[in-house]
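Next comes data.txt, with compact mmCIF, C-alpha atoms and all ligand atoms.
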# COMPACT_ATOMS: atom_id res chain seq x y z
CA MET A 1 -7.70 21.56 7.47
CA THR A 2 -7.58 20.02 10.96
CA ARG A 3 -9.68 17.15 9.60
CA PHE A 4 -6.66 16.02 7.61
CA ASP A 5 -4.11 16.73 10.35
CA LEU A 6 -2.23 13.63 11.51
CA THR A 7 -0.35 15.34 14.35
CA GLY A 8 -0.08 13.01 17.33
CA ARG A 9 -0.70 9.90 15.20
CA THR A 10 1.77 7.13 14.58
CA ALA A 11 1.84 5.27 11.29
CA ILE A 12 3.54 2.20 9.88
CA VAL A 13 4.29 2.22 6.15
CA THR A 14 5.56 -1.06 4.69
CA GLY A 15 7.80 -1.11 1.64
CA ALA A 16 8.71 2.49 2.41
CA GLY A 17 12.21 2.41 0.93
CA ARG A 18 11.24 3.41 -2.59
CA GLY A 19 8.43 3.99 -5.05
CA ILE A 20 4.90 4.47 -3.75
CA GLY A 21 5.70 3.54 -0.13
CA LYS A 22 8.42 6.16 0.11
CA ALA A 23 6.08 8.89 -1.18
CA LEU A 24 3.34 7.80 1.23
CA ALA A 25 5.69 7.73 4.24
CA LEU A 26 6.88 11.24 3.46
CA GLY A 27 3.30 12.44 2.84
CA LEU A 28 2.01 11.09 6.15
CA ALA A 29 4.99 12.66 7.94
CA GLU A 30 4.26 16.01 6.26
CA ALA A 31 0.66 15.71 7.50
CA GLY A 32 2.06 15.40 11.04
CA ALA A 33 2.34 11.67 11.73
CA GLN A 34 5.37 9.93 13.20
CA VAL A 35 6.22 7.14 10.79
CA ALA A 36 7.76 3.69 11.23
CA VAL A 37 9.22 2.86 7.83
CA VAL A 38 9.62 -0.82 6.98
CA ALA A 39 11.66 -2.59 4.30
CA ARG A 40 13.92 -5.61 4.05
CA THR A 41 17.23 -3.78 4.33
CA GLU A 42 18.41 -0.79 6.33
CA ALA A 43 20.17 0.70 3.29
CA ASP A 44 16.80 1.00 1.53
CA LEU A 45 15.41 3.14 4.34
CA LEU A 46 18.20 5.56 5.24
CA GLU A 47 17.15 8.13 2.64
CA ILE A 48 13.49 8.27 3.65
CA VAL A 49 14.35 8.55 7.35
CA GLN A 50 16.72 11.41 6.57
CA GLU A 51 14.12 13.16 4.38
CA ILE A 52 11.44 12.93 7.07
CA GLU A 53 13.80 14.19 9.76
CA GLU A 54 15.10 17.04 7.58
CA LYS A 55 11.52 18.24 7.25
CA GLY A 56 11.13 18.24 11.05
CA GLY A 57 9.27 14.94 11.30
CA LYS A 58 10.00 11.77 13.28
CA ALA A 59 10.75 8.43 11.66
CA HIS A 60 11.76 5.04 12.97
CA LEU A 61 13.52 2.52 10.75
CA ILE A 62 12.47 -1.15 10.93
CA THR A 63 14.01 -3.90 8.81
CA ALA A 64 11.83 -6.94 8.26
CA ASP A 65 10.98 -9.49 5.63
CA LEU A 66 7.22 -9.39 6.02
CA THR A 67 6.81 -12.88 4.59
CA GLU A 68 8.62 -14.40 7.59
CA ALA A 69 6.60 -15.85 10.46
CA GLY A 70 6.24 -13.42 13.34
CA ALA A 71 7.38 -10.40 11.30
CA ALA A 72 4.08 -8.55 11.64
CA GLU A 73 3.94 -8.79 15.45
CA SER A 74 7.57 -7.75 15.64
CA VAL A 75 7.04 -4.67 13.41
CA VAL A 76 4.03 -3.57 15.45
CA ALA A 77 5.85 -4.14 18.78
CA GLN A 78 8.95 -2.24 17.59
CA THR A 79 6.77 0.67 16.42
CA ILE A 80 4.98 0.95 19.73
CA GLU A 81 8.22 0.70 21.69
CA ALA A 82 9.99 3.34 19.60
CA LEU A 83 7.14 5.75 18.85
CA GLY A 84 4.73 5.16 21.72
CA GLY A 85 1.61 4.04 19.86
CA LEU A 86 -0.02 2.96 16.61
CA HIS A 87 -2.92 4.62 14.79
CA ILE A 88 -2.32 4.10 11.06
CA LEU A 89 -1.11 1.16 9.00
CA VAL A 90 -0.34 1.47 5.30
CA ASN A 91 0.14 -1.98 3.78
CA ASN A 92 2.14 -1.06 0.69
CA ALA A 93 4.87 -3.71 0.30
CA GLY A 94 4.05 -5.77 -2.75
CA MET A 95 5.61 -7.50 -5.70
CA ASN A 96 4.84 -9.09 -9.04
CA LEU A 97 6.28 -11.85 -11.22
CA ARG A 98 4.70 -11.27 -14.63
CA LYS A 99 4.10 -14.63 -16.31
CA LYS A 100 1.46 -16.24 -18.47
CA ALA A 101 -0.84 -18.45 -16.39
CA ASN A 102 0.56 -21.68 -17.89
CA GLU A 103 4.07 -20.71 -16.84
CA VAL A 104 3.35 -19.81 -13.21
CA THR A 105 5.09 -22.21 -10.82
CA GLU A 106 3.94 -23.00 -7.32
CA GLU A 107 6.93 -21.04 -6.03
CA ASP A 108 5.95 -17.97 -8.13
CA TRP A 109 2.39 -18.15 -6.84
CA ASP A 110 3.52 -18.46 -3.22
CA ARG A 111 6.00 -15.58 -3.45
CA VAL A 112 3.43 -13.15 -4.86
CA VAL A 113 0.49 -14.22 -2.71
CA ASP A 114 2.61 -14.56 0.45
CA LEU A 115 3.66 -10.92 0.27
CA ASN A 116 0.69 -9.17 -1.35
CA LEU A 117 -2.06 -10.98 0.53
CA LYS A 118 -0.82 -13.13 3.42
CA ALA A 119 1.75 -10.69 4.82
CA SER A 120 -0.75 -7.83 4.43
CA PHE A 121 -3.34 -9.81 6.37
CA PHE A 122 -0.99 -10.57 9.25
CA MET A 123 0.08 -6.91 9.38
CA CYS A 124 -3.64 -6.01 9.61
CA GLN A 125 -4.14 -8.60 12.32
CA ALA A 126 -1.17 -7.47 14.43
CA ALA A 127 -2.10 -3.77 14.07
CA GLY A 128 -5.83 -4.46 14.33
CA LYS A 129 -5.47 -6.05 17.79
CA ILE A 130 -3.97 -2.83 19.15
CA MET A 131 -6.35 -0.59 17.19
CA CYS A 132 -9.53 -2.44 18.24
CA GLU A 133 -8.40 -2.36 21.89
CA GLN A 134 -7.82 1.38 21.80
CA ASN A 135 -10.99 1.98 19.74
CA TYR A 136 -9.18 3.85 17.00
CA GLY A 137 -7.33 2.93 13.86
CA ARG A 138 -6.95 3.52 10.16
CA ILE A 139 -5.67 0.88 7.76
CA VAL A 140 -4.95 1.62 4.10
CA ASN A 141 -4.18 -1.33 1.86
CA ILE A 142 -2.42 -0.57 -1.42
CA ALA A 143 -4.18 -2.90 -3.83
CA SER A 144 -4.29 -2.33 -7.61
CA VAL A 145 -6.80 -1.89 -10.42
CA ALA A 146 -5.54 -5.39 -11.30
CA GLY A 147 -7.66 -6.55 -8.35
CA LEU A 148 -10.77 -4.93 -9.86
CA VAL A 149 -10.51 -5.71 -13.57
CA ALA A 150 -8.62 -8.36 -15.55
CA MET A 151 -5.18 -7.11 -16.53
CA ARG A 152 -2.14 -8.54 -18.24
CA THR A 153 -0.20 -8.22 -14.96
CA GLY A 154 -0.73 -11.96 -14.45
CA VAL A 155 -3.00 -14.28 -12.54
CA ALA A 156 -1.11 -14.48 -9.24
CA TYR A 157 -0.83 -10.69 -8.93
CA GLY A 158 -4.45 -10.03 -9.93
CA SER A 159 -5.71 -12.74 -7.58
CA SER A 160 -3.62 -11.44 -4.68
CA LYS A 161 -4.89 -7.87 -5.17
CA ALA A 162 -8.52 -9.00 -5.57
CA GLY A 163 -8.01 -10.95 -2.33
CA LEU A 164 -6.63 -7.86 -0.64
CA ILE A 165 -9.72 -5.86 -1.70
CA GLN A 166 -12.08 -8.53 -0.33
CA MET A 167 -10.00 -8.84 2.84
CA THR A 168 -10.43 -5.07 3.29
CA ARG A 169 -14.23 -5.47 3.16
CA VAL A 170 -14.36 -8.39 5.58
CA LEU A 171 -12.05 -6.74 8.12
CA ALA A 172 -14.14 -3.54 7.86
CA LEU A 173 -17.20 -5.62 8.71
CA GLU A 174 -15.49 -6.97 11.84
CA TRP A 175 -13.53 -3.94 13.05
CA SER A 176 -15.39 -0.75 12.09
CA LYS A 177 -17.51 -0.88 15.26
CA PHE A 178 -14.23 -0.64 17.20
CA GLY A 179 -13.32 2.62 15.45
CA VAL A 180 -10.97 0.88 13.04
CA ASN A 181 -11.61 1.93 9.45
CA ILE A 182 -9.95 -0.12 6.77
CA ASN A 183 -9.93 0.88 3.12
CA ALA A 184 -7.89 0.20 0.01
CA ILE A 185 -6.42 2.26 -2.79
CA ALA A 186 -6.28 0.74 -6.26
CA PRO A 187 -3.57 2.42 -8.35
CA TRP A 188 -3.23 2.11 -12.13
CA TYR A 189 0.24 2.61 -13.62
CA PHE A 190 2.74 4.68 -11.64
CA ARG A 191 6.40 5.02 -12.53
CA THR A 192 8.37 3.16 -9.82
CA PRO A 193 11.14 0.51 -9.81
CA LEU A 194 8.32 -2.09 -10.09
CA THR A 195 7.06 -0.73 -13.42
CA GLU A 196 10.11 1.06 -14.81
CA ALA A 197 11.02 -1.54 -17.44
CA LEU A 198 7.42 -1.84 -18.67
CA LEU A 199 6.92 1.90 -18.94
CA ASN A 200 10.19 2.29 -20.82
CA ASP A 201 8.65 0.15 -23.57
CA GLU A 202 7.22 2.93 -25.76
CA ALA A 203 4.59 0.73 -27.47
CA TYR A 204 3.30 -0.57 -24.11
CA LEU A 205 3.28 2.95 -22.68
CA GLN A 206 1.16 4.20 -25.58
CA GLU A 207 -1.32 1.33 -25.05
CA ILE A 208 -1.62 2.32 -21.39
CA LEU A 209 -2.09 5.99 -22.22
CA GLN A 210 -4.87 5.16 -24.70
CA ARG A 211 -6.76 3.53 -21.83
CA THR A 212 -6.20 6.42 -19.40
CA PRO A 213 -8.76 9.24 -19.63
CA SER A 214 -6.40 11.61 -17.78
CA GLY A 215 -3.88 11.03 -20.56
CA ARG A 216 -0.86 10.49 -18.34
CA ILE A 217 0.88 7.93 -16.15
CA GLY A 218 0.35 8.44 -12.43
CA ASP A 219 2.90 10.26 -10.34
CA VAL A 220 3.47 8.77 -6.87
CA GLU A 221 2.44 12.18 -5.48
CA ASP A 222 -1.08 11.50 -6.84
CA LEU A 223 -1.44 8.77 -4.20
CA VAL A 224 -0.41 10.89 -1.23
CA GLY A 225 -3.64 12.91 -0.88
CA PRO A 226 -5.91 9.85 -0.99
CA ALA A 227 -3.69 8.07 1.58
CA ILE A 228 -3.71 11.06 3.95
CA PHE A 229 -7.48 11.37 3.53
CA LEU A 230 -8.14 7.70 4.35
CA SER A 231 -5.72 7.93 7.31
CA SER A 232 -7.42 10.98 8.76
CA ASP A 233 -10.58 11.96 10.63
CA ALA A 234 -11.96 13.30 7.34
CA ALA A 235 -12.66 9.67 6.38
CA ALA A 236 -14.33 8.76 9.70
CA TYR A 237 -17.42 7.19 8.03
CA ILE A 238 -15.67 5.50 5.10
CA THR A 239 -14.74 1.88 5.61
CA GLY A 240 -14.38 -1.28 3.53
CA GLN A 241 -14.04 0.74 0.32
CA THR A 242 -11.53 0.62 -2.48
CA ILE A 243 -10.72 3.92 -4.17
CA PRO A 244 -9.26 3.62 -7.65
CA VAL A 245 -6.52 6.22 -8.21
CA ASP A 246 -6.21 5.58 -11.88
CA GLY A 247 -6.75 8.66 -14.02
CA GLY A 248 -10.19 7.26 -14.84
CA MET A 249 -8.94 3.95 -16.26
CA SER A 250 -11.48 1.82 -14.38
CA ILE A 251 -14.49 3.78 -15.70
CA PHE A 252 -13.29 3.60 -19.29
CA GLY A 253 -15.33 1.06 -21.26
CA PHE A 254 -13.92 1.47 -24.74
N1 LIG A 301 3.79 1.05 -9.48
C1 LIG A 301 2.58 0.82 -9.93
O1 LIG A 301 2.24 1.18 -11.06
C2 LIG A 301 1.58 0.08 -9.07
C3 LIG A 301 0.28 -0.06 -9.58
C4 LIG A 301 -0.68 -0.73 -8.80
C5 LIG A 301 -0.34 -1.18 -7.53
N2 LIG A 301 0.94 -1.02 -7.06
C6 LIG A 301 1.22 -1.53 -5.72
O2 LIG A 301 1.82 -0.52 -4.94
C7 LIG A 301 2.72 -1.10 -3.99
C8 LIG A 301 4.07 -0.46 -4.10
O3 LIG A 301 4.53 -0.64 -5.42
P1 LIG A 301 5.83 0.06 -6.00
O4 LIG A 301 5.58 0.26 -7.44
O5 LIG A 301 6.24 1.22 -5.16
O6 LIG A 301 6.87 -1.16 -5.84
P2 LIG A 301 8.44 -1.20 -5.56
O7 LIG A 301 8.90 -2.52 -6.06
O8 LIG A 301 9.08 0.02 -6.11
O9 LIG A 301 8.50 -1.15 -3.98
C9 LIG A 301 8.05 -2.22 -3.20
C10 LIG A 301 8.56 -2.07 -1.79
O10 LIG A 301 8.19 -3.22 -1.05
C11 LIG A 301 9.30 -3.71 -0.34
N3 LIG A 301 9.23 -5.16 -0.14
C12 LIG A 301 9.18 -6.11 -1.11
N4 LIG A 301 9.17 -7.33 -0.55
C13 LIG A 301 9.17 -7.14 0.80
C14 LIG A 301 9.16 -8.01 1.92
N5 LIG A 301 9.15 -9.35 1.77
N6 LIG A 301 9.20 -7.48 3.16
C15 LIG A 301 9.23 -6.14 3.32
N7 LIG A 301 9.24 -5.26 2.31
C16 LIG A 301 9.21 -5.76 1.06
C17 LIG A 301 10.49 -3.35 -1.22
O11 LIG A 301 11.67 -3.32 -0.46
C18 LIG A 301 10.07 -1.97 -1.71
O12 LIG A 301 10.41 -0.97 -0.76
C19 LIG A 301 2.72 -2.61 -4.28
O13 LIG A 301 1.83 -3.25 -3.42
C20 LIG A 301 2.22 -2.68 -5.72
O14 LIG A 301 1.62 -3.90 -6.01
C21 LIG A 301 1.89 -0.40 -7.81

Any chance you could give the structure as structure tokens?
Ligand SMILES: NC(=O)c1ccc[n+]([C@@H]2O[C@H](COP(=O)([O-])OP(=O)(O)OC[C@H]3O[C@@H](n4cnc5c(N)ncnc54)[C@H](O)[C@@H]3O)[C@@H](O)[C@H]2O)c1
Amino acid sequence: MTRFDLTGRTAIVTGAGRGIGKALALGLAEAGAQVAVVARTEADLLEIVQEIEEKGGKAHLITADLTEAGAAESVVAQTIEALGGLHILVNNAGMNLRKKANEVTEEDWDRVVDLNLKASFFMCQAAGKIMCEQNYGRIVNIASVAGLVAMRTGVAYGSSKAGLIQMTRVLALEWSKFGVNINAIAPWYFRTPLTEALLNDEAYLQEILQRTPSGRIGDVEDLVGPAIFLSSDAAAYITGQTIPVDGGMSIFGF
């Protein structure tokens, strides 16, 4: 199992206060990594820091609004100062404003794309500089199946996630020769604060389940193994790829 061991590695997980990011931060810590957990407010992060430390791991709390100029460099600098290095970046912070295309305002578009795509890119850039210099790095971008197929999640969200998937490929082309592997995970529906209201709508839930070969909604735990794998030496020759973690939804044609 040493191939999956993250002992001695330092990771940043954005949006780690709740939902998918929280599960991934805990999972990477359980695999041995020290983890810098990032969210907008300290209150959001106290629980995850405590959970990691209770399990014998090391966590460092960083508050940042990733859409602000200079936030990415600051998060990377704080991580290196507090934890002594940087090997893994998980770009998880993301949001959606579900609207029909005709109702999307410029402000809606900017908010979604600024976080899901632009902030993720500048996190990659800030981390990538360090990783390319040291000839080692793993970046995992949390995209969505909405970036692979057309979904009712809305045009800004789908476009931002499709952009994130293409960004993953282009950065892999530039950075893989420096030992920096960059991949994406494309989740289907998982129960988190982002999707809670939707999944509480029984009719909508049944529609989703009919399109899910595995016959169930994802549990955030289902994302932990793939994230550890892509962050580890086991994935040394995998780069630029997007792995759907979707109970088979994306292979389902009818
Ligand atoms: N839940 C799902 O079904 C699902 C499906 C596909 C993809 N995703 C993606 O997974 C990721 C996590 O989703 P989730 O469901 O856990 O969402 P969530 O809303 O529960 O959590 C998002 C996290 O991002 C943080 N965040 C938001 N804006 C930020 C900002 N400006 N700066 C810093 N942090 C910020 C929030 O504080 C929160 O911790 C997102 O990128 C989302 O698009 C989720």

If the limit is 8 Å from any atom of ligand LIG 301 (chain A), counting all atoms listed in the file, which residues qualify? Return them as a ChimeraX atom specification. /A:14-22,38-41,44,63-68,91-96,115-116,142-146,157,161,186-195,218

Quick one: pull the distance between CA of Gly179 (chain A) and CA of Tyr136 (chain A), Å, one decimal.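 Atom-to-atom, CA of Gly179 (chain A) to CA of Tyr136 (chain A), that is 4.6 Å.
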
Residues near region 173-175 of chain A, cut-off 12 Å, only C-alpha atoms, skip fewer than 4 positions along chain, as a list in words: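 In the requested format, the answer is Cys124, Gln125, Ala127, Gly128, Lys129, Ile130, Met131, Cys132, Glu133, Gln134, Asn135, Tyr136, Gly137, Arg138, Ile139, Gln166, Met167, Thr168, Arg169, Gly179, Val180, Asn181, Ile182, Asn183, Ile238, Thr239, Gly240 and Gln241 of chain A.
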
Rounded to one decimal, what separation in Å do you get between CA of Thr212 (chain A) and CA of Glu30 (chain A)?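 The value is 29.3 Å.
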
Rank nothing, just name the residue among A:Leu230, A:Phe121, A:Ala126, A:Gly57 nearest to Ala77 (chain A), using only C-alpha atoms.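 Among A:Leu230, A:Phe121, A:Ala126, A:Gly57, it is A:Ala126 that comes nearest to Ala77 (chain A).
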
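Of note, CA of Phe254 (chain A) and CA of Gly154 (chain A) are spaced 21.5 Å apart.
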
What lies within 10 Å of Ala29 (chain A) using all atoms listed in the file, ignoring chain neighbours under 4 positions off, as number ranges by chain? A: 6-7, 9-11, 23-25, 33-36, 51-53, 55-59, 228

Restricting the calculation to all atoms listed in the file: of A:Asp108, A:Gly248, A:Ala119, A:Val140, which residue gets closest to Arg216 (chain A)?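 Closest to Arg216 (chain A) of all the choices is A:Gly248.
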
From the options A:Ala234, A:Leu164, A:Ala82, A:Val149, which residue's atoms come nearest to Asp114 (chain A), counting only C-alpha atoms?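 Nearest candidate to Asp114 (chain A) out of A:Ala234, A:Leu164, A:Ala82, A:Val149: A:Leu164.
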
For each of A:Gln78, A:Ala197, A:Leu223, A:Phe252, take the minimum atom-to-atom distance to Leu209 (chain A), counting only C-alpha atoms, then give the residue where this is smallest. A:Phe252

Return the single residue from A:Ile88, A:Ile251, A:Ala156, A:Val13 that is closest to Phe229 (chain A), with distances computed using all atoms listed in the file. A:Ile88

Between A:Phe122, A:Val90, A:Thr105, A:Lys99, which residue has the minimum interatomic distance to Glu73 (chain A), considering only C-alpha atoms?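 Answer, going by the shortest atom-to-atom distance: A:Phe122.
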